[in-house]
Each structure stands twice: as structure tokens, then as C-alpha cells.
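This report concerns only the one structure given below.
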Amino acid sequence: MGVRSVPTWVTYTAWRLLAFAVPLAVLLIAGVSPWISALVAALFGLSVSVIFLRRPRDTMSTQLYEARTREKPVVHEDDAAEDAAVDAADAEPEASDSPQSTDADR
């Protein structure tokens with residue numbers, strides 16, 4: 001049983017949240033207006049992300065690209081059974097399309 005590492009997107013997201021939340025908390029504790037605190041914290045978080053989080057961002061974008069452009073599609077075990085059920089349902093005659101008499105019609 002091997003130890004699994006934390007996915008890159010989790011690490012990147014955690015660092016981005018910290019880069020926003022810590023300055024926001026410091027500015028709010030210092031008594032700065034909430035909207036100015038949020039603006040400054042957002043700018044600080046963006047700057048930290050662009051300057052210091054380049055490697056995790058590049059790794060994450062590569063993983064997302066690879067996941068979206070796979071050579072062969074992901075096949076689930078029950079796909080064949082589901083396809084057969086859909087084909088069987090399509091092949092059945094449409095009995096529900098014929099008008100049915102009801103008590104109100106008599």
C-alpha cells in the first residue's frame with residue numbers, strides 16, 4: 001500500500017485561498033474598511049499566485065489538458081449493458097403512441 005500524494009489542484013487552491021484570507025484577516029483586524037480590505041487582499045492573492053505559484057499552476061493546467069484530451073475515451077464497465085438496454089428500448093414498437101380509450105371517451 002503506497003502513500004498517495006495530494007493532488008496538485010488541492011495544493012494550488014489551498015495556497016490561493018491562504019494568499020487571500022491571511023491579508024484579508026490582517027487588514028480587517030487592523031480596522032481597514034471591509035471592501036478596501038477585500039480589494040487589497042484580492043490584489044495581493046493574485047500577485048502571489050502569478051509570482052510564486054507558477055509551477056503548481058503549470059502542473060495543474062497540464063493535468064487538466066491531459067484529462068480533457070485523452071486519446072481513447074474513458075470506458076465504464078456498465079457502458080455496454082446500458083447501450084444494449086437503450087438499443088432494446090428503441091427497437092420496441094411504440095405501443096404508447098396508439099390512442100387508448102378511456103372511460104371518458106365512451
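Each chain of the C-alpha cells is named A, B, ... in the order shown, its residues numbered from 1; ligands are numbered from 1 in display order.
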
(message) DSSP on the backbone, helix (DSSP H, G or I) only: what residues of stretch 24-95 of chain A does that give? Format it as a ChimeraX atom specification.
(response) /A:24-29,34-52,54-68,79-91,95

Expected file contents, prior selection, C-alpha atoms, as a short mmCIF file (atom, residue, chain, number, x, y, z; two decimals), in the first residue's frame:
data_model
loop_
_atom_site.label_atom_id
_atom_site.label_comp_id
_atom_site.auth_asym_id
_atom_site.auth_seq_id
_atom_site.Cartn_x
_atom_site.Cartn_y
_atom_site.Cartn_z
CA LEU A 24 -7.85 39.95 4.43
CA ALA A 25 -7.84 38.92 8.09
CA VAL A 26 -4.86 41.14 8.89
CA LEU A 27 -6.44 44.17 7.24
CA LEU A 28 -9.82 43.58 8.89
CA ILE A 29 -8.17 43.21 12.31
CA PRO A 34 -14.09 45.69 4.58
CA TRP A 35 -14.37 46.50 0.88
CA ILE A 36 -10.87 48.01 0.77
CA SER A 37 -9.55 45.01 2.71
CA ALA A 38 -11.15 42.63 0.20
CA LEU A 39 -9.76 44.58 -2.75
CA VAL A 40 -6.22 44.73 -1.36
CA ALA A 41 -6.35 41.05 -0.33
CA ALA A 42 -7.54 40.05 -3.83
CA LEU A 43 -4.72 42.01 -5.46
CA PHE A 44 -2.20 40.51 -3.04
CA GLY A 45 -3.52 36.98 -3.67
CA LEU A 46 -3.36 37.48 -7.43
CA SER A 47 0.19 38.80 -7.22
CA VAL A 48 1.35 35.92 -5.03
CA SER A 49 -0.28 33.44 -7.40
CA VAL A 50 1.33 34.89 -10.51
CA ILE A 51 4.79 35.31 -8.98
CA PHE A 52 5.21 32.36 -6.61
CA ARG A 54 3.84 29.26 -11.29
CA ARG A 55 4.97 25.63 -11.01
CA PRO A 56 1.77 24.28 -9.39
CA ARG A 57 -0.34 26.33 -11.83
CA ASP A 58 1.54 24.91 -14.83
CA THR A 59 1.29 21.36 -13.46
CA MET A 60 -2.42 21.76 -12.82
CA SER A 61 -3.10 23.18 -16.29
CA THR A 62 -1.14 20.32 -17.88
CA GLN A 63 -3.14 17.75 -15.92
CA LEU A 64 -6.42 19.41 -16.91
CA TYR A 65 -5.39 19.48 -20.56
CA GLU A 66 -4.39 15.81 -20.50
CA ALA A 67 -7.65 14.84 -18.82
CA ARG A 68 -9.72 16.66 -21.44
CA ASP A 79 -21.46 1.06 -20.69
CA ALA A 80 -22.13 -1.99 -22.88
CA ALA A 81 -25.11 -3.03 -20.75
CA GLU A 82 -26.53 0.50 -20.82
CA ASP A 83 -26.10 0.74 -24.59
CA ALA A 84 -27.83 -2.62 -25.07
CA ALA A 85 -30.74 -1.51 -22.88
CA VAL A 86 -31.14 1.73 -24.83
CA ASP A 87 -30.98 -0.11 -28.16
CA ALA A 88 -33.58 -2.63 -26.95
CA ALA A 89 -35.87 0.16 -25.80
CA ASP A 90 -35.54 1.91 -29.17
CA ALA A 91 -36.30 -1.32 -31.05
CA ALA A 95 -47.34 0.93 -28.06
#

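Minimum atom-to-atom distance to A:Tyr12, evaluated using only C-alpha atoms, belongs to A:Leu53 out of A:Leu53, A:His76, A:Glu92, A:Arg70.
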
(request) Could you jot down the atom CA of A:Ala30 to atom CA of A:Trp15 separation for me, Å, one decimal place? (result) 22.7 Å

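Going from atom CA of A:Val10 to atom CA of A:Pro23 covers 20.5 Å.
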